[in-house]
>>> print(open('input-v1.txt').read())   # compact mmCIF, C-alpha atoms
# COMPACT_ATOMS: atom_id res chain seq x y z
CA MET A 1290 -11.70 -32.16 62.47
CA MET A 1291 -13.08 -29.01 61.04
CA PRO A 1292 -9.79 -27.33 60.10
CA LEU A 1293 -8.65 -30.52 58.32
CA LYS A 1294 -11.80 -30.62 56.23
CA SER A 1295 -11.54 -27.01 55.28
CA PHE A 1296 -7.89 -27.58 54.38
CA ARG A 1297 -8.86 -30.46 52.11
CA THR A 1298 -11.52 -28.35 50.48
CA SER A 1299 -9.14 -25.54 49.80
CA LEU A 1300 -6.60 -28.00 48.43
CA LEU A 1301 -9.23 -29.38 46.09
CA SER A 1302 -10.17 -25.94 44.86
CA LEU A 1303 -6.48 -25.09 44.39
CA GLN A 1304 -6.06 -28.21 42.29
CA LEU A 1305 -9.10 -27.28 40.27
CA PHE A 1306 -7.76 -23.76 39.82
CA LEU A 1307 -4.36 -24.99 38.69
CA CYS A 1308 -5.93 -27.38 36.22
CA HIS A 1309 -8.06 -24.63 34.75
CA GLY A 1310 -5.15 -22.24 34.79
CA ALA A 1311 -3.17 -24.61 32.59
CA HIS A 1312 -6.15 -24.93 30.30
CA ILE A 1313 -6.56 -21.17 30.01
CA LEU A 1314 -2.85 -20.78 29.32
CA LYS A 1315 -3.07 -23.41 26.62
CA GLN A 1316 -6.00 -21.65 24.98
CA GLY A 1317 -4.26 -18.32 25.17
CA LEU A 1318 -1.14 -19.73 23.52
CA LEU A 1319 -3.26 -21.28 20.80
CA GLY A 1320 -4.95 -17.94 20.19
CA ILE A 1321 -1.65 -16.09 19.99
CA SER A 1322 -0.06 -18.62 17.63
CA LEU A 1323 -3.16 -18.57 15.43
CA SER A 1324 -3.13 -14.79 15.19
CA LEU A 1325 0.61 -14.84 14.41
CA LEU A 1326 -0.05 -17.29 11.61
CA PHE A 1327 -2.73 -14.99 10.25
CA ALA A 1328 -0.48 -11.97 10.40
CA VAL A 1329 2.40 -13.76 8.66
CA SER A 1330 0.23 -15.13 5.85
CA ALA A 1331 -1.36 -11.72 5.31
CA GLN A 1332 2.11 -10.13 5.18
CA ALA A 1333 3.21 -12.59 2.52
CA ALA A 1334 0.16 -11.77 0.42
CA ALA A 1335 0.63 -8.01 0.80
CA ASP A 1336 1.19 -7.11 -2.82
CA LEU A 1337 -1.06 -4.70 -4.65
CA ASP A 1338 -2.75 -5.98 -7.79
CA VAL A 1339 -2.15 -3.64 -10.73
CA ASN A 1340 -3.15 -5.98 -13.54
CA THR A 1341 -6.91 -5.76 -13.81
CA PRO A 1342 -8.29 -4.98 -17.30
CA ALA A 1343 -9.35 -1.48 -16.19
CA VAL A 1344 -5.91 -0.62 -14.81
CA ALA A 1345 -4.17 -2.12 -17.85
CA ALA A 1346 -6.33 -0.01 -20.19
CA VAL A 1347 -5.47 3.19 -18.30
CA LYS A 1348 -1.78 2.27 -18.32
CA ALA A 1349 -1.81 1.71 -22.10
CA SER A 1350 -3.56 5.03 -22.64
CA MET A 1351 -1.03 6.87 -20.46
CA GLN A 1352 1.86 5.06 -22.15
CA ASN A 1353 0.72 6.35 -25.55
CA ARG A 1354 0.16 9.86 -24.26
CA HIS A 1355 3.59 9.96 -22.61
CA LEU A 1356 5.29 10.31 -25.98
CA GLN A 1357 3.27 13.49 -26.57
CA LEU A 1358 3.88 14.83 -23.08
CA LEU A 1359 7.61 14.06 -23.00
CA PRO A 1360 8.78 17.14 -24.99
CA HIS A 1361 6.65 19.35 -22.73
CA TYR A 1362 8.18 17.84 -19.59
CA GLN A 1363 11.61 18.53 -21.05
CA SER A 1364 10.84 22.10 -22.09
CA GLY A 1365 9.20 22.91 -18.76
CA ALA A 1366 5.79 23.68 -20.25
CA VAL A 1367 4.33 20.88 -18.15
CA GLY A 1368 5.35 19.84 -14.65
CA LEU A 1369 4.51 17.17 -12.11
CA THR A 1370 2.40 18.38 -9.21
CA ALA A 1371 2.72 17.40 -5.56
CA GLU A 1372 -0.74 15.81 -5.76
CA GLY A 1373 0.23 13.22 -8.35
CA PHE A 1374 -1.06 15.09 -11.38
CA VAL A 1375 0.43 17.08 -14.25
CA ALA A 1376 -0.14 20.78 -14.81
CA VAL A 1377 0.68 23.39 -17.44
CA LYS A 1378 3.53 25.21 -15.75
CA ASP A 1379 4.52 27.63 -18.49
CA ALA A 1380 2.13 27.86 -21.43
CA GLY A 1381 4.34 30.56 -22.96
CA LEU A 1382 6.80 27.87 -24.06
CA VAL A 1383 4.23 26.48 -26.47
CA PRO A 1384 3.08 28.27 -29.65
CA LEU A 1385 -0.31 29.93 -29.22
CA SER A 1386 -1.91 27.59 -31.73
CA GLN A 1387 -0.93 24.52 -29.70
CA ARG A 1388 -1.96 25.74 -26.27
CA SER A 1389 -5.50 24.42 -26.34
CA ALA A 1390 -4.21 21.05 -27.52
CA LEU A 1391 -1.73 21.04 -24.64
CA ALA A 1392 -4.45 21.91 -22.13
CA ALA A 1393 -6.55 19.05 -23.47
CA LEU A 1394 -3.58 16.69 -23.24
CA VAL A 1395 -2.98 17.65 -19.61
CA LYS A 1396 -6.67 17.29 -18.81
CA GLU A 1397 -6.83 13.83 -20.38
CA GLU A 1398 -3.69 12.76 -18.55
CA ASN A 1399 -5.15 13.86 -15.22
CA MET A 1400 -8.42 12.07 -15.91
CA ASP A 1401 -6.43 8.90 -16.60
CA ARG A 1402 -4.44 9.41 -13.41
CA VAL A 1403 -7.63 9.69 -11.35
CA GLU A 1404 -8.79 6.50 -13.04
CA LEU A 1405 -5.45 4.83 -12.31
CA TYR A 1406 -5.50 5.62 -8.57
CA HIS A 1407 -9.15 4.70 -8.30
CA GLY A 1408 -8.65 1.52 -10.33
CA ILE A 1409 -5.75 0.23 -8.23
CA ALA A 1410 -7.68 0.88 -5.00
CA ALA A 1411 -10.77 -0.86 -6.38
CA ALA A 1412 -8.76 -3.77 -7.80
CA ASN A 1413 -7.50 -4.51 -4.30
CA GLY A 1414 -10.92 -4.34 -2.70
CA HIS A 1415 -10.19 -1.12 -0.79
CA PRO A 1416 -11.69 1.93 -2.55
CA GLU A 1417 -10.81 3.96 0.55
CA TRP A 1418 -7.12 3.54 -0.26
CA GLU A 1419 -7.41 5.82 -3.31
CA GLY A 1420 -6.05 8.87 -1.47
CA GLU A 1421 -3.07 6.96 -0.04
CA ILE A 1422 -2.32 5.42 -3.42
CA GLN A 1423 -2.45 8.87 -5.02
CA ARG A 1424 -0.02 10.25 -2.40
CA THR A 1425 2.34 7.32 -2.94
CA PHE A 1426 2.26 7.84 -6.71
CA ALA A 1427 2.78 11.60 -6.31
CA LEU A 1428 6.07 10.95 -4.51
CA ARG A 1429 7.14 8.26 -6.97
CA TRP A 1430 6.39 10.32 -10.11
CA ILE A 1431 8.50 13.18 -8.72
CA ASP A 1432 11.28 10.87 -7.59
CA LYS A 1433 11.42 9.10 -10.95
CA ALA A 1434 11.18 12.28 -13.05
CA GLN A 1435 14.21 12.82 -15.25
CA SER A 1436 16.50 15.73 -14.53
CA GLY A 1437 15.45 18.91 -16.27
CA TRP A 1438 11.76 18.22 -15.62
CA PHE A 1439 9.77 20.55 -13.39
CA VAL A 1440 8.28 19.12 -10.21
CA GLN A 1441 6.30 20.72 -7.43
CA ARG A 1442 7.87 20.64 -3.98
CA ASP A 1443 6.40 22.49 -0.99
CA GLY A 1444 4.11 24.39 -3.36
CA GLN A 1445 7.04 25.61 -5.47
CA TRP A 1446 8.11 24.53 -8.94
CA THR A 1447 11.66 23.28 -8.96
CA ARG A 1448 13.74 21.90 -11.78
CA LYS A 1449 15.22 18.51 -11.17
CA MET B 835 -18.06 -26.16 51.90
CA GLU B 836 -19.15 -27.96 48.75
CA ARG B 837 -21.03 -24.84 47.68
CA ILE B 838 -17.87 -22.79 47.75
CA VAL B 839 -16.15 -25.27 45.44
CA ILE B 840 -19.07 -25.23 43.04
CA ASN B 841 -19.13 -21.44 43.07
CA ARG B 842 -15.44 -21.34 42.30
CA HIS B 843 -15.93 -23.85 39.53
CA VAL B 844 -18.61 -21.68 37.96
CA SER B 845 -16.45 -18.58 38.19
CA LEU B 846 -13.57 -20.50 36.58
CA GLN B 847 -15.83 -21.46 33.73
CA TRP B 848 -16.61 -17.79 33.25
CA LEU B 849 -12.90 -17.07 33.29
CA ARG B 850 -12.40 -19.71 30.62
CA THR B 851 -15.11 -18.24 28.43
CA GLY B 852 -13.64 -14.80 28.99
CA SER B 853 -10.18 -15.92 27.96
CA LEU B 854 -11.62 -17.55 24.85
CA LEU B 855 -13.36 -14.30 23.97
CA LEU B 856 -10.12 -12.43 24.58
CA ALA B 857 -8.23 -14.77 22.29
CA THR B 858 -10.88 -14.27 19.60
CA ALA B 859 -10.68 -10.51 20.05
CA GLY B 860 -6.90 -10.68 19.73
CA LEU B 861 -7.24 -12.72 16.57
CA SER B 862 -9.66 -10.29 14.99
CA ALA B 863 -7.42 -7.40 16.01
CA CYS B 864 -4.56 -9.02 14.14
CA VAL B 865 -6.75 -9.37 11.06
CA THR B 866 -7.77 -5.73 11.41
CA ILE B 867 -4.11 -4.64 11.21
CA ASN B 868 -3.98 -5.89 7.63
CA ILE B 869 -6.73 -3.51 6.57
CA TYR B 870 -4.29 -0.65 7.15
CA PHE B 871 -2.74 0.74 4.00
CA PRO B 872 0.23 -1.36 2.82
CA ALA B 873 2.63 1.51 2.11
CA ALA B 874 5.58 -0.62 0.98
CA ALA B 875 3.45 -2.66 -1.41
CA ALA B 876 1.93 0.52 -2.81
CA GLU B 877 5.37 1.99 -3.42
CA LYS B 878 6.45 -1.16 -5.20
CA ALA B 879 3.31 -1.11 -7.33
CA ALA B 880 3.79 2.58 -8.12
CA ASN B 881 7.38 1.99 -9.25
CA LYS B 882 6.26 -0.80 -11.53
CA VAL B 883 3.38 1.16 -13.06
CA ILE B 884 5.47 4.31 -13.59
CA ASP B 885 8.27 2.32 -15.22
CA GLU B 886 5.71 0.82 -17.57
CA ILE B 887 4.09 4.14 -18.46
CA TRP B 888 7.33 6.05 -18.88
CA GLN B 889 8.97 2.96 -20.39
CA THR B 890 12.02 3.30 -18.22
CA PRO B 891 13.89 0.04 -17.61
CA ALA B 892 12.91 -1.14 -14.15
CA GLY B 893 15.31 -0.32 -11.37
CA GLN B 894 17.30 2.24 -13.37
CA PRO B 895 17.70 5.65 -11.76
CA PRO B 896 16.41 8.58 -13.81
CA SER B 897 19.09 9.53 -16.32
CA SER B 898 19.94 13.08 -17.31
CA THR B 899 20.23 12.21 -20.97
CA SER B 900 16.66 11.62 -22.07
CA PRO B 901 16.25 9.70 -25.30
CA ALA B 902 13.91 12.35 -26.80
CA VAL B 903 11.88 9.93 -28.85
CA PRO B 904 9.69 11.57 -31.48
CA PRO B 905 6.08 10.35 -31.43
CA ALA B 906 6.63 8.53 -34.69
CA ASN B 907 5.61 5.05 -33.68
CA PRO B 908 3.18 5.20 -30.78
CA VAL B 909 1.67 1.79 -31.53
CA MET B 910 4.83 -0.15 -30.85
CA PRO B 911 5.30 -0.51 -27.12
CA SER B 912 9.02 -1.10 -27.55
CA ALA B 913 9.67 2.10 -29.48
CA THR B 914 12.52 3.03 -27.16
CA PRO B 915 15.40 0.61 -27.64
CA VAL B 916 16.04 -1.05 -24.31
CA THR B 917 19.64 -1.99 -24.89
CA PRO B 918 21.49 -3.24 -21.84
CA SER B 919 24.26 -0.71 -22.24
CA VAL B 920 26.82 0.15 -19.59
CA ASN B 921 25.34 2.51 -17.01
CA LEU B 922 27.78 5.39 -16.72
CA GLU B 923 26.08 6.79 -13.65
CA PRO B 924 27.34 5.50 -10.33
CA ALA B 925 24.74 3.43 -8.60
CA PRO B 926 23.37 5.18 -5.50
>>> encode(input="input-v1.txt", output="structure tokens")
Amino acid sequence: MMPLKSFRTSLLSLQLFLCHGAHILKQGLLGISLSLLFAVSAQAAADLDVNTPAVAAVKASMQNRHLQLLPHYQSGAVGLTAEGFVAVKDAGLVPLSQRSALAALVKEENMDRVELYHGIAAANGHPEWEGEIQRTFALRWIDKAQSGWFVQRDGQWTRK
Amino acid sequence: MERIVINRHVSLQWLRTGSLLLATAGLSACVTINIYFPAAAAEKAANKVIDEIWQTPAGQPPSSTSPAVPPANPVMPSATPVTPSVNLEPAP
């Protein structure tokens, strides 16, 4: 009698286990599908916002300054650095009287660029992204520079 | 014998709770992934912003012949004529 009873008990516990196993599996699948849903929706929304008033103001300021910087990019007096900034590469190409104005122009441009990188990071709720955004811009500025402009690559100035 | 079944039942309940916790952890891990820097989105944003600042038509590769616009009319945003002319450069 005893072995039969123990057999029935073990059968019962096996049934219980199987039932719970199915339940656990179901929950696990639900969890996985939920997380997939999350990931997909977050992917779809992964676009950086660059249209806040602060960013727009910096963009307008840089747009206006670009017309003043353009001849210096073309002459080689100013180049694009590997860090996403501009720098006076060869001040000798500019008349002595205009050098301080050029230095001020470069300084203002770099201040705006800091503001731009900071502003985009802040606009997207991730101030810690500023460095990454700056690195991304550094590559894009250099890539988009017109030929004849000076860009910094591996610490060296090269003409595109 | 009944005690064994009850014990197993209790341990299964723990297992259930554990699996629920695991699923929650997995979910939060998936959310955490999205806090990583979105490199592709940043590149897209950078292209857009640079095109706007340099006033280059979007999607056009940098041309060797720069328009050399004098800073005569800095107020007008459309100082450079954006005429859809034929692009002589072969597309990359």
>>> atom_distance(input="input-v1.txt", atom1="atom CA of A:Pro1384", atom2="atom CA of A:Gly1444")
26.6 Å
>>> closest_residue(input="input-v1.txt", among="A:Val1383, A:Ala1411, A:Val1367, A:Ala1427", to="chain B", atoms="only C-alpha atoms")
A:Ala1427
>>> closest_atom_pairs(input="input-v1.txt", of="chain A", to="chain B", cutoff="6 Å", atoms="only C-alpha atoms", output="JSON lines")
{"residue": "A:Gly1320", "atom": "CA", "partner": "B:Ala857", "partner_atom": "CA", "distance": 5.0}
{"residue": "A:Ser1324", "atom": "CA", "partner": "B:Leu861", "partner_atom": "CA", "distance": 4.8}
{"residue": "A:Asp1336", "atom": "CA", "partner": "B:Ala875", "partner_atom": "CA", "distance": 5.2}
{"residue": "A:Leu1337", "atom": "CA", "partner": "B:Ala875", "partner_atom": "CA", "distance": 5.9}
{"residue": "A:Gln1352", "atom": "CA", "partner": "B:Ile887", "partner_atom": "CA", "distance": 4.4}
{"residue": "A:Asn1353", "atom": "CA", "partner": "B:Pro908", "partner_atom": "CA", "distance": 5.9}
{"residue": "A:Leu1356", "atom": "CA", "partner": "B:Pro905", "partner_atom": "CA", "distance": 5.5}
{"residue": "A:Phe1426", "atom": "CA", "partner": "B:Ala880", "partner_atom": "CA", "distance": 5.7}
{"residue": "A:Lys1433", "atom": "CA", "partner": "B:Pro896", "partner_atom": "CA", "distance": 5.8}
{"residue": "A:Gln1435", "atom": "CA", "partner": "B:Pro896", "partner_atom": "CA", "distance": 5.0}
{"residue": "A:Ser1436", "atom": "CA", "partner": "B:Ser898", "partner_atom": "CA", "distance": 5.2}
>>> atom_distance(input="input-v1.txt", atom1="atom CA of A:Ser1350", atom2="atom CA of A:Glu1372")
20.2 Å
>>> atom_distance(input="input-v1.txt", atom1="atom CA of A:Pro1360", atom2="atom CA of A:Asn1399")
17.3 Å
